[in-house]
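S.K.: This one is run.pdb, PDB, C-alpha atoms.
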```pdb
ATOM      1  CA  ARG A   1    -179.335  20.370  84.198
ATOM      2  CA  PHE A   2    -176.194  18.700  82.870
ATOM      3  CA  SER A   3    -177.250  19.387  79.261
ATOM      4  CA  GLY A   4    -177.815  23.034  80.075
ATOM      5  CA  VAL A   5    -174.361  23.430  81.629
ATOM      6  CA  LEU A   6    -172.716  21.706  78.682
ATOM      7  CA  LEU A   7    -174.571  23.909  76.183
ATOM      8  CA  LYS A   8    -173.535  27.012  78.101
ATOM      9  CA  ASN A   9    -169.857  25.972  78.003
ATOM     10  CA  VAL A  10    -170.008  25.303  74.274
ATOM     11  CA  ILE A  11    -171.497  28.749  73.656
ATOM     12  CA  MET A  12    -168.757  30.414  75.772
ATOM     13  CA  VAL A  13    -165.990  28.592  73.854
ATOM     14  CA  GLU A  14    -167.472  29.639  70.520
ATOM     15  CA  GLU A  15    -167.701  33.264  71.655
ATOM     16  CA  THR A  16    -164.088  33.199  72.817
ATOM     17  CA  ASN A  17    -162.898  31.789  69.477
ATOM     18  CA  GLU A  18    -164.861  34.439  67.588
ATOM     19  CA  THR A  19    -163.295  37.172  69.735
ATOM     20  CA  ASN A  20    -159.788  35.811  69.068
ATOM     21  CA  GLU A  21    -160.477  35.632  65.337
ATOM     22  CA  ILE A  22    -161.643  39.248  65.360
ATOM     23  CA  ASN A  23    -158.530  40.338  67.266
ATOM     24  CA  GLU A  24    -156.276  38.406  64.891
ATOM     25  CA  THR A  25    -157.886  39.854  61.792
ATOM     26  CA  LYS A  26    -158.042  43.363  63.181
ATOM     27  CA  PRO A  27    -155.509  45.528  61.286
ATOM     28  CA  LEU A  28    -152.710  47.268  63.196
ATOM     29  CA  ASP A  29    -152.743  51.012  63.383
ATOM     30  CA  ASP A  30    -149.728  53.087  62.230
ATOM     31  CA  LYS A  31    -148.301  53.418  65.724
ATOM     32  CA  SER A  32    -148.371  49.671  66.276
ATOM     33  CA  LYS A  33    -146.745  49.080  62.893
ATOM     34  CA  ASP A  34    -143.909  51.488  63.742
ATOM     35  CA  THR A  35    -143.372  49.758  67.067
ATOM     36  CA  VAL A  36    -143.166  46.345  65.409
ATOM     37  CA  LYS A  37    -140.718  47.658  62.794
ATOM     38  CA  ILE A  38    -138.459  49.168  65.477
ATOM     39  CA  GLU A  39    -138.436  45.890  67.414
ATOM     40  CA  ILE A  40    -137.519  43.946  64.257
ATOM     41  CA  VAL A  41    -134.709  46.384  63.351
ATOM     42  CA  ASP A  42    -133.298  46.253  66.897
ATOM     43  CA  ALA A  43    -133.346  42.460  66.855
ATOM     44  CA  GLU A  44    -131.564  42.358  63.493
ATOM     45  CA  SER A  45    -128.992  44.904  64.706
ATOM     46  CA  ASP A  46    -128.264  42.831  67.825
ATOM     47  CA  ASN A  47    -127.882  39.726  65.673
ATOM     48  CA  ASP A  48    -125.481  41.547  63.330
ATOM     49  CA  ASN A  49    -123.355  42.807  66.242
ATOM     50  CA  THR A  50    -123.240  39.354  67.805
ATOM     51  CA  SER A  51    -122.372  37.771  64.471
ATOM     52  CA  CYS A  52    -119.600  40.325  63.801
ATOM     53  CA  ALA A  53    -118.073  39.840  67.269
ATOM     54  CA  SER A  54    -118.267  36.083  66.866
ATOM     55  CA  LYS A  55    -116.480  36.256  63.506
ATOM     56  CA  TRP A  56    -113.677  38.435  64.887
ATOM     57  CA  TYR A  57    -113.275  36.147  67.889
ATOM     58  CA  THR A  58    -113.095  33.095  65.622
ATOM     59  CA  LYS A  59    -110.480  34.788  63.418
ATOM     60  CA  TRP A  60    -108.419  35.779  66.448
ATOM     61  CA  CYS A  61    -108.539  32.224  67.842
ATOM     62  CA  ARG A  62    -107.353  30.826  64.513
ATOM     63  CA  PHE A  63    -104.555  33.399  64.271
ATOM     64  CA  TYR A  64    -103.436  32.770  67.856
ATOM     65  CA  LYS A  65    -103.468  29.013  67.369
ATOM     66  CA  ALA A  66    -101.284  29.317  64.272
ATOM     67  CA  ASN A  67     -98.960  32.010  65.694
ATOM     68  CA  SER A  68     -99.163  31.553  69.462
ATOM     69  CA  PHE A  69     -95.403  31.715  69.990
ATOM     70  CA  LEU A  70     -95.050  34.976  68.039
ATOM     71  CA  VAL A  71     -98.007  36.557  69.852
ATOM     72  CA  LEU A  72     -96.636  35.590  73.263
ATOM     73  CA  VAL A  73     -93.169  36.910  72.399
ATOM     74  CA  VAL A  74     -94.631  40.294  71.433
ATOM     75  CA  ILE A  75     -96.633  40.403  74.666
ATOM     76  CA  VAL A  76     -93.670  39.559  76.925
ATOM     77  CA  ILE A  77     -91.471  42.132  75.167
ATOM     78  CA  LEU A  78     -94.062  44.811  75.932
ATOM     79  CA  LEU A  79     -94.293  43.601  79.530
ATOM     80  CA  ALA A  80     -90.512  43.635  79.826
ATOM     81  CA  TYR A  81     -90.424  47.202  78.535
ATOM     82  CA  ALA A  82     -93.148  48.263  80.981
ATOM     83  CA  TYR A  83     -91.440  46.838  84.095
ATOM     84  CA  PRO A  84     -88.021  45.286  83.384
ATOM     85  CA  LYS A  85     -86.992  44.851  87.011
ATOM     86  CA  LEU A  86     -89.426  41.967  87.499
ATOM     87  CA  GLY A  87     -87.753  39.639  85.007
ATOM     88  CA  ALA A  88     -84.244  41.032  85.467
ATOM     89  CA  VAL A  89     -84.079  40.846  89.270
ATOM     90  CA  TYR A  90     -87.092  39.492  91.136
ATOM     91  CA  LEU A  91     -87.548  36.296  89.079
ATOM     92  CA  ALA A  92     -83.839  35.398  89.483
ATOM     93  CA  PRO A  93     -83.223  34.785  85.748
ATOM     94  CA  GLN A  94     -79.687  33.506  86.339
ATOM     95  CA  ILE A  95     -81.330  30.465  87.971
ATOM     96  CA  THR A  96     -84.861  30.200  86.595
ATOM     97  CA  ALA A  97     -84.188  31.090  82.947
ATOM     98  CA  THR A  98     -80.559  30.038  82.518
ATOM     99  CA  TRP A  99     -80.841  26.686  84.293
ATOM    100  CA  ILE A 100     -84.322  25.549  85.305
ATOM    101  CA  ALA A 101     -86.150  26.502  82.091
ATOM    102  CA  VAL A 102     -83.444  25.095  79.788
ATOM    103  CA  ILE A 103     -83.134  21.852  81.767
ATOM    104  CA  PHE A 104     -86.923  21.446  81.741
ATOM    105  CA  ILE A 105     -87.060  21.940  77.958
ATOM    106  CA  PHE A 106     -84.499  19.197  77.300
ATOM    107  CA  LEU A 107     -85.911  16.897  79.965
ATOM    108  CA  LEU A 108     -89.235  16.937  78.133
ATOM    109  CA  ALA A 109     -87.344  16.296  74.908
ATOM    110  CA  GLY A 110     -85.685  13.251  76.464
ATOM    111  CA  LEU A 111     -89.042  11.976  77.716
ATOM    112  CA  SER A 112     -90.804  12.372  74.370
ATOM    113  CA  LEU A 113     -88.039  11.251  71.988
ATOM    114  CA  LYS A 114     -87.558   7.595  71.153
ATOM    115  CA  THR A 115     -84.070   6.194  71.579
ATOM    116  CA  ALA A 116     -84.069   4.952  67.989
ATOM    117  CA  GLU A 117     -84.682   8.526  66.775
ATOM    118  CA  LEU A 118     -81.662   9.816  68.695
ATOM    119  CA  VAL A 119     -79.473   7.019  67.371
ATOM    120  CA  ASN A 120     -80.566   7.722  63.797
ATOM    121  CA  ALA A 121     -79.864  11.427  64.289
ATOM    122  CA  LEU A 122     -76.365  10.714  65.577
ATOM    123  CA  SER A 123     -75.587   8.318  62.731
ATOM    124  CA  ASN A 124     -76.770  10.664  59.973
ATOM    125  CA  ILE A 125     -73.311  12.175  59.480
ATOM    126  CA  LYS A 126     -73.948  13.804  56.099
ATOM    127  CA  PHE A 127     -77.046  15.625  57.274
ATOM    128  CA  ASN A 128     -75.401  16.849  60.477
ATOM    129  CA  ALA A 129     -72.326  18.023  58.591
ATOM    130  CA  LEU A 130     -74.541  19.918  56.136
ATOM    131  CA  ILE A 131     -76.387  21.644  58.980
ATOM    132  CA  LEU A 132     -73.173  22.709  60.712
ATOM    133  CA  LEU A 133     -71.622  23.848  57.423
ATOM    134  CA  PHE A 134     -74.659  25.952  56.613
ATOM    135  CA  ASN A 135     -74.948  27.486  60.107
ATOM    136  CA  PHE A 136     -71.279  28.465  60.364
ATOM    137  CA  GLY A 137     -70.121  28.752  56.766
ATOM    138  CA  ALA A 138     -73.025  29.792  54.548
ATOM    139  CA  VAL A 139     -74.741  32.129  57.026
ATOM    140  CA  SER A 140     -71.538  33.937  58.023
ATOM    141  CA  GLY A 141     -70.441  34.230  54.361
ATOM    142  CA  ILE A 142     -73.766  35.726  53.279
ATOM    143  CA  VAL A 143     -73.823  38.164  56.204
ATOM    144  CA  TYR A 144     -70.193  39.122  55.511
ATOM    145  CA  GLY A 145     -70.986  40.081  51.914
ATOM    146  CA  PHE A 146     -74.214  41.856  52.879
ATOM    147  CA  SER A 147     -72.661  43.817  55.771
ATOM    148  CA  ARG A 148     -69.669  44.946  53.671
ATOM    149  CA  LEU A 149     -72.047  46.090  50.943
ATOM    150  CA  MET A 150     -74.167  48.069  53.415
ATOM    151  CA  ILE A 151     -71.049  49.660  54.908
ATOM    152  CA  SER A 152     -69.734  50.670  51.467
ATOM    153  CA  TRP A 153     -73.090  52.310  50.693
ATOM    154  CA  ASN A 154     -73.072  54.093  54.082
ATOM    155  CA  VAL A 155     -76.345  52.413  55.022
ATOM    156  CA  VAL A 156     -74.945  51.037  58.304
ATOM    157  CA  SER A 157     -71.942  52.088  60.356
ATOM    158  CA  GLN A 158     -68.749  50.033  60.589
ATOM    159  CA  PRO A 159     -69.367  48.891  64.197
ATOM    160  CA  LEU A 160     -72.933  47.814  63.369
ATOM    161  CA  GLY A 161     -71.784  45.877  60.294
ATOM    162  CA  ASP A 162     -69.047  44.159  62.309
ATOM    163  CA  GLY A 163     -71.570  43.310  65.008
ATOM    164  CA  MET A 164     -73.863  41.699  62.434
ATOM    165  CA  LEU A 165     -70.963  39.618  61.171
ATOM    166  CA  ILE A 166     -69.896  38.504  64.637
ATOM    167  CA  CYS A 167     -73.457  37.414  65.451
ATOM    168  CA  SER A 168     -73.561  35.336  62.266
ATOM    169  CA  CYS A 169     -70.439  33.485  63.399
ATOM    170  CA  LEU A 170     -71.993  32.422  66.690
ATOM    171  CA  PRO A 171     -73.731  29.046  67.141
ATOM    172  CA  LEU A 172     -77.494  28.949  67.501
ATOM    173  CA  THR A 173     -79.003  28.923  70.985
ATOM    174  CA  ILE A 174     -79.802  25.386  72.070
ATOM    175  CA  ASN A 175     -83.260  26.050  73.534
ATOM    176  CA  MET A 176     -84.431  28.122  70.542
ATOM    177  CA  VAL A 177     -83.298  25.422  68.095
ATOM    178  CA  LEU A 178     -85.187  22.655  69.867
ATOM    179  CA  VAL A 179     -88.450  24.489  70.553
ATOM    180  CA  LEU A 180     -88.806  26.079  67.114
ATOM    181  CA  THR A 181     -87.944  22.807  65.376
ATOM    182  CA  LYS A 182     -90.572  20.968  67.386
ATOM    183  CA  SER A 183     -93.158  23.705  66.814
ATOM    184  CA  SER A 184     -92.668  23.496  63.056
ATOM    185  CA  GLY A 185     -92.898  19.694  63.031
ATOM    186  CA  GLY A 186     -89.208  19.139  62.247
ATOM    187  CA  ASP A 187     -86.775  16.431  63.321
ATOM    188  CA  GLU A 188     -86.518  16.961  67.068
ATOM    189  CA  ALA A 189     -83.755  14.394  67.568
ATOM    190  CA  ALA A 190     -81.569  16.034  64.923
ATOM    191  CA  ALA A 191     -82.236  19.424  66.525
ATOM    192  CA  VAL A 192     -81.045  18.170  69.924
ATOM    193  CA  PHE A 193     -77.814  16.788  68.486
ATOM    194  CA  ASN A 194     -77.011  19.763  66.255
ATOM    195  CA  ALA A 195     -77.817  22.278  68.999
ATOM    196  CA  ALA A 196     -75.350  20.620  71.377
ATOM    197  CA  ALA A 197     -72.724  19.855  68.724
ATOM    198  CA  GLY A 198     -72.955  23.329  67.223
ATOM    199  CA  ASN A 199     -72.320  25.017  70.565
ATOM    200  CA  MET A 200     -69.378  22.721  71.328
ATOM    201  CA  ILE A 201     -67.783  23.235  67.922
ATOM    202  CA  GLY A 202     -68.565  26.946  68.068
ATOM    203  CA  VAL A 203     -66.169  27.345  71.000
ATOM    204  CA  PHE A 204     -63.293  26.656  68.581
ATOM    205  CA  LEU A 205     -64.814  27.700  65.240
ATOM    206  CA  THR A 206     -66.314  31.091  66.137
ATOM    207  CA  PRO A 207     -62.977  32.761  67.084
ATOM    208  CA  PHE A 208     -61.435  31.394  63.878
ATOM    209  CA  LEU A 209     -64.262  32.834  61.727
ATOM    210  CA  ILE A 210     -64.050  36.236  63.421
ATOM    211  CA  LEU A 211     -60.289  36.284  62.885
ATOM    212  CA  MET A 212     -60.703  35.290  59.243
ATOM    213  CA  TYR A 213     -63.377  37.894  58.456
ATOM    214  CA  LEU A 214     -62.310  40.849  60.605
ATOM    215  CA  GLY A 215     -58.650  40.156  61.362
ATOM    216  CA  VAL A 216     -59.205  40.342  65.135
ATOM    217  CA  ASP A 217     -59.234  37.605  67.743
ATOM    218  CA  SER A 218     -61.711  36.963  70.556
ATOM    219  CA  THR A 219     -59.339  37.568  73.455
ATOM    220  CA  SER A 220     -60.052  40.223  76.034
ATOM    221  CA  ASP A 221     -58.082  43.410  76.607
ATOM    222  CA  ASP A 222     -55.700  41.702  79.035
ATOM    223  CA  GLY A 223     -54.824  39.011  76.484
ATOM    224  CA  GLU A 224     -56.788  36.199  78.127
ATOM    225  CA  ASP A 225     -59.413  34.076  76.458
ATOM    226  CA  PRO A 226     -62.782  35.119  77.947
ATOM    227  CA  VAL A 227     -64.285  31.675  77.195
ATOM    228  CA  SER A 228     -63.472  28.848  79.600
ATOM    229  CA  LEU A 229     -63.645  25.550  77.720
ATOM    230  CA  GLY A 230     -64.171  23.568  80.906
ATOM    231  CA  GLN A 231     -67.089  25.694  82.039
ATOM    232  CA  MET A 232     -68.558  25.716  78.553
ATOM    233  CA  PHE A 233     -68.624  21.927  78.219
ATOM    234  CA  LEU A 234     -69.820  21.527  81.814
ATOM    235  CA  LYS A 235     -72.794  23.813  81.220
ATOM    236  CA  LEU A 236     -73.698  22.075  77.966
ATOM    237  CA  GLY A 237     -73.457  18.692  79.658
ATOM    238  CA  CYS A 238     -75.585  19.715  82.641
ATOM    239  CA  ARG A 239     -78.214  21.685  80.738
ATOM    240  CA  VAL A 240     -78.548  19.646  77.532
ATOM    241  CA  VAL A 241     -76.965  16.180  77.539
ATOM    242  CA  LEU A 242     -77.806  15.155  81.107
ATOM    243  CA  PRO A 243     -81.530  16.119  80.979
ATOM    244  CA  VAL A 244     -81.951  14.223  77.695
ATOM    245  CA  LEU A 245     -80.249  11.131  79.157
ATOM    246  CA  VAL A 246     -82.352  11.326  82.324
ATOM    247  CA  GLY A 247     -85.504  11.599  80.237
ATOM    248  CA  GLN A 248     -84.487   8.559  78.191
ATOM    249  CA  LEU A 249     -83.782   6.496  81.326
ATOM    250  CA  LEU A 250     -87.088   7.461  82.927
ATOM    251  CA  GLN A 251     -88.882   6.605  79.706
ATOM    252  CA  LYS A 252     -87.301   3.136  79.626
ATOM    253  CA  LYS A 253     -87.170   2.168  83.302
ATOM    254  CA  VAL A 254     -90.184   3.769  84.996
ATOM    255  CA  PRO A 255     -93.594   2.539  83.741
ATOM    256  CA  THR A 256     -95.435   5.406  85.448
ATOM    257  CA  VAL A 257     -93.405   7.909  83.466
ATOM    258  CA  THR A 258     -94.149   6.015  80.266
ATOM    259  CA  GLU A 259     -97.883   6.267  80.899
ATOM    260  CA  PHE A 260     -97.509   9.935  81.770
ATOM    261  CA  VAL A 261     -95.733  10.584  78.473
ATOM    262  CA  LYS A 262     -98.407   8.768  76.486
ATOM    263  CA  THR A 263    -101.153  10.800  78.170
ATOM    264  CA  TYR A 264     -99.623  14.267  78.171
ATOM    265  CA  LYS A 265     -97.167  14.193  75.253
ATOM    266  CA  PRO A 266     -99.376  16.509  73.110
ATOM    267  CA  TYR A 267     -98.899  19.211  75.748
ATOM    268  CA  PHE A 268     -95.090  18.960  75.783
ATOM    269  CA  LYS A 269     -94.616  21.260  72.789
ATOM    270  CA  GLN A 270     -96.796  23.972  74.300
ATOM    271  CA  THR A 271     -94.985  23.725  77.643
ATOM    272  CA  GLN A 272     -91.593  24.023  75.944
ATOM    273  CA  GLU A 273     -92.803  27.093  74.059
ATOM    274  CA  TYR A 274     -93.880  28.685  77.342
ATOM    275  CA  MET A 275     -90.444  28.003  78.813
ATOM    276  CA  LEU A 276     -88.784  29.617  75.806
ATOM    277  CA  VAL A 277     -91.107  32.619  76.023
ATOM    278  CA  PHE A 278     -90.079  33.005  79.669
ATOM    279  CA  ILE A 279     -86.402  32.967  78.659
ATOM    280  CA  VAL A 280     -87.069  35.618  75.999
ATOM    281  CA  TYR A 281     -88.910  37.694  78.605
ATOM    282  CA  THR A 282     -85.994  37.657  81.046
ATOM    283  CA  VAL A 283     -83.504  38.509  78.285
ATOM    284  CA  PHE A 284     -85.490  41.581  77.253
ATOM    285  CA  CYS A 285     -85.968  42.579  80.886
ATOM    286  CA  LYS A 286     -82.189  42.606  81.299
ATOM    287  CA  THR A 287     -81.805  44.557  78.054
ATOM    288  CA  PHE A 288     -84.330  47.239  78.958
ATOM    289  CA  ARG A 289     -83.072  47.559  82.531
ATOM    290  CA  ASP A 290     -79.389  47.844  81.663
ATOM    291  CA  PRO A 291     -78.790  48.361  77.918
ATOM    292  CA  ASP A 292     -75.029  48.921  78.369
ATOM    293  CA  ALA A 293     -74.582  45.522  80.020
ATOM    294  CA  THR A 294     -75.972  43.699  76.999
TER     295      THR A 294
END
```
Show how you would write the structure in this file as structure tokens.

M.R.:
Amino acid sequence: RFSGVLLKNVIMVEETNETNEINETKPLDDKSKDTVKIEIVDAESDNDNTSCASKWYTKWCRFYKANSFLVLVVIVILLAYAYPKLGAVYLAPQITATWIAVIFIFLLAGLSLKTAELVNALSNIKFNALILLFNFGAVSGIVYGFSRLMISWNVVSQPLGDGMLICSCLPLTINMVLVLTKSSGGDEAAAVFNAAAGNMIGVFLTPFLILMYLGVDSTSDDGEDPVSLGQMFLKLGCRVVLPVLVGQLLQKKVPTVTEFVKTYKPYFKQTQEYMLVFIVYTVFCKTFRDPDAT
């Protein structure tokens, strides 16, 4: 009985194998071939679309990583144009952008910079003098020649040419100097010193340059100087010098802060860029909301 059952099972297995072999060797009809071809083409098309999207996404990620600050600036300018009241009024830019963001930028600079780097930057007199000479002397001289040439050719109007020249006589903004220098891998300590020193010297040097180039002074219509030296130095001290000093003290005296800096220092540059983008956003919001005021 057992032998009979076994023989029956063997025969069934052989029949099944023969049936499968016949099915495998049986040629496909034209309709089946067309169906298979369509499925293959659809699969290849889906793969091509996925591959193309993946390539564009990879390119965009690389471009954004290399130009994140520029991309964000363009985005916030468009947002400021779409609804300027948000950044000009509701976000209180006179507090958040003018004070909090700037103080935060230089506090992070004080936390990340080594004291030896700041000392070396302060002692490098020749380099600092060259930077200040270029920013005030070379830039304003080049813009003066270019603006006069454009005016003589009637390419720009006299007021626009004078405005270009006046802007070239102004010191660079302290937050822009620091963040862009750090983003490009430059000397952050030298940027901190020259940003502060340039703005302090600019209080005296800018009116002199405007008088020399245009023959007009920087006083207001009532004959008073619109720039208060005391307020100017107080703001620079509170927004630049003091945050850097506080960051240095925390770095030296508080071990928890030291560990925090070691762990999160790579993110400092990105955070400072975001703060600067916020400042740019509020500036353009003010410009679009009230062009005459700016």

S.K.: Name every residue that the PyMOL selection byres ((chain A and resi 237-242) around 12) selects in this structure, writing the answer as a VMD selection string with chains first and numbers rising.

M.R.: chain A and resid 95 97 to 110 118 173 to 175 178 191 to 197 199 to 200 230 to 236 243 to 249

S.K.: I need the residues from that last selection saved to file as a compact mmCIF listing (two decimals), in the coordinates of the input (with C-alpha atoms), if you can.

M.R.:
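Listing of out.txt after writing:
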```txt
# COMPACT_ATOMS: atom_id res chain seq x y z
CA ILE A 95 -81.33 30.46 87.97
CA ALA A 97 -84.19 31.09 82.95
CA THR A 98 -80.56 30.04 82.52
CA TRP A 99 -80.84 26.69 84.29
CA ILE A 100 -84.32 25.55 85.30
CA ALA A 101 -86.15 26.50 82.09
CA VAL A 102 -83.44 25.10 79.79
CA ILE A 103 -83.13 21.85 81.77
CA PHE A 104 -86.92 21.45 81.74
CA ILE A 105 -87.06 21.94 77.96
CA PHE A 106 -84.50 19.20 77.30
CA LEU A 107 -85.91 16.90 79.96
CA LEU A 108 -89.24 16.94 78.13
CA ALA A 109 -87.34 16.30 74.91
CA GLY A 110 -85.68 13.25 76.46
CA LEU A 118 -81.66 9.82 68.69
CA THR A 173 -79.00 28.92 70.98
CA ILE A 174 -79.80 25.39 72.07
CA ASN A 175 -83.26 26.05 73.53
CA LEU A 178 -85.19 22.66 69.87
CA ALA A 191 -82.24 19.42 66.53
CA VAL A 192 -81.04 18.17 69.92
CA PHE A 193 -77.81 16.79 68.49
CA ASN A 194 -77.01 19.76 66.26
CA ALA A 195 -77.82 22.28 69.00
CA ALA A 196 -75.35 20.62 71.38
CA ALA A 197 -72.72 19.86 68.72
CA ASN A 199 -72.32 25.02 70.56
CA MET A 200 -69.38 22.72 71.33
CA GLY A 230 -64.17 23.57 80.91
CA GLN A 231 -67.09 25.69 82.04
CA MET A 232 -68.56 25.72 78.55
CA PHE A 233 -68.62 21.93 78.22
CA LEU A 234 -69.82 21.53 81.81
CA LYS A 235 -72.79 23.81 81.22
CA LEU A 236 -73.70 22.08 77.97
CA PRO A 243 -81.53 16.12 80.98
CA VAL A 244 -81.95 14.22 77.69
CA LEU A 245 -80.25 11.13 79.16
CA VAL A 246 -82.35 11.33 82.32
CA GLY A 247 -85.50 11.60 80.24
CA GLN A 248 -84.49 8.56 78.19
CA LEU A 249 -83.78 6.50 81.33
```

S.K.: Just checking: using all atoms listed in the file, which residue out of A:Thr263, A:Thr96, A:Gln272, A:Ser157 ends up closest to Lys182 in chain A?

M.R.: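 Using all atoms listed in the file, Lys182 in chain A sits closest to A:Gln272.
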
S.K.: Write out as a list of chain:residue names which residues come within 9 Å of Leu122 in chain A when counting all atoms listed in the file, dropping same-chain ones fewer than 5 positions away.

M.R.: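 Residues near the query, excluding close chain neighbours: A:Glu117, A:Asn128, A:Ala189, A:Ala190, A:Phe193.
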
S.K.: Evaluate the PyMOL selection byres ((chain A and resi 284) around 9) here and jot the selected residues down as number ranges by chain.

M.R.: A: 76-77, 80-81, 84, 87-88, 279-283, 285-289

S.K.: Using all atoms listed in the file, which residue out of A:Val203, A:Leu149, A:Leu111, A:Met212 lies closest to Lys252 in chain A?

M.R.: A:Leu111

S.K.: On this file, the PyMOL selection byres ((chain A and resi 209) around 12) gives some set of residues; write that set as an NGL selection string.

M.R.: :A and (136-141 or 144 or 165-171 or 201-208 or 210-218)

S.K.: In Å, how far is it from CA of Leu91 in chain A to CA of Asn67 in chain A?

M.R.: 26.4 Å

S.K.: Considering all atoms listed in the file, can you say which of A:Tyr83, A:Cys52, A:Tyr64, A:Gln270 comes closest to Ser183 in chain A?

M.R.: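 Result for the nearest residue to Ser183 in chain A: A:Gln270.
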
S.K.: Could you check which of A:Asn154, A:Ser51, A:Ser112, A:Val71 is closest to Phe260 in chain A, using only C-alpha atoms?

M.R.: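 For Phe260 in chain A, the nearest of the candidates is A:Ser112.
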
S.K.: Between CA of Trp153 in chain A and CA of Pro291 in chain A, what distance in Å does the model show, to one decimal?

M.R.: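 About the pair CA of Trp153 in chain A and CA of Pro291 in chain A: they are 28.1 Å apart.
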
S.K.: Distance CA of Val119 in chain A-CA of Gly185 in chain A, one decimal place?

M.R.: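 For CA of Val119 in chain A relative to CA of Gly185 in chain A, the distance reads 19.0 Å.
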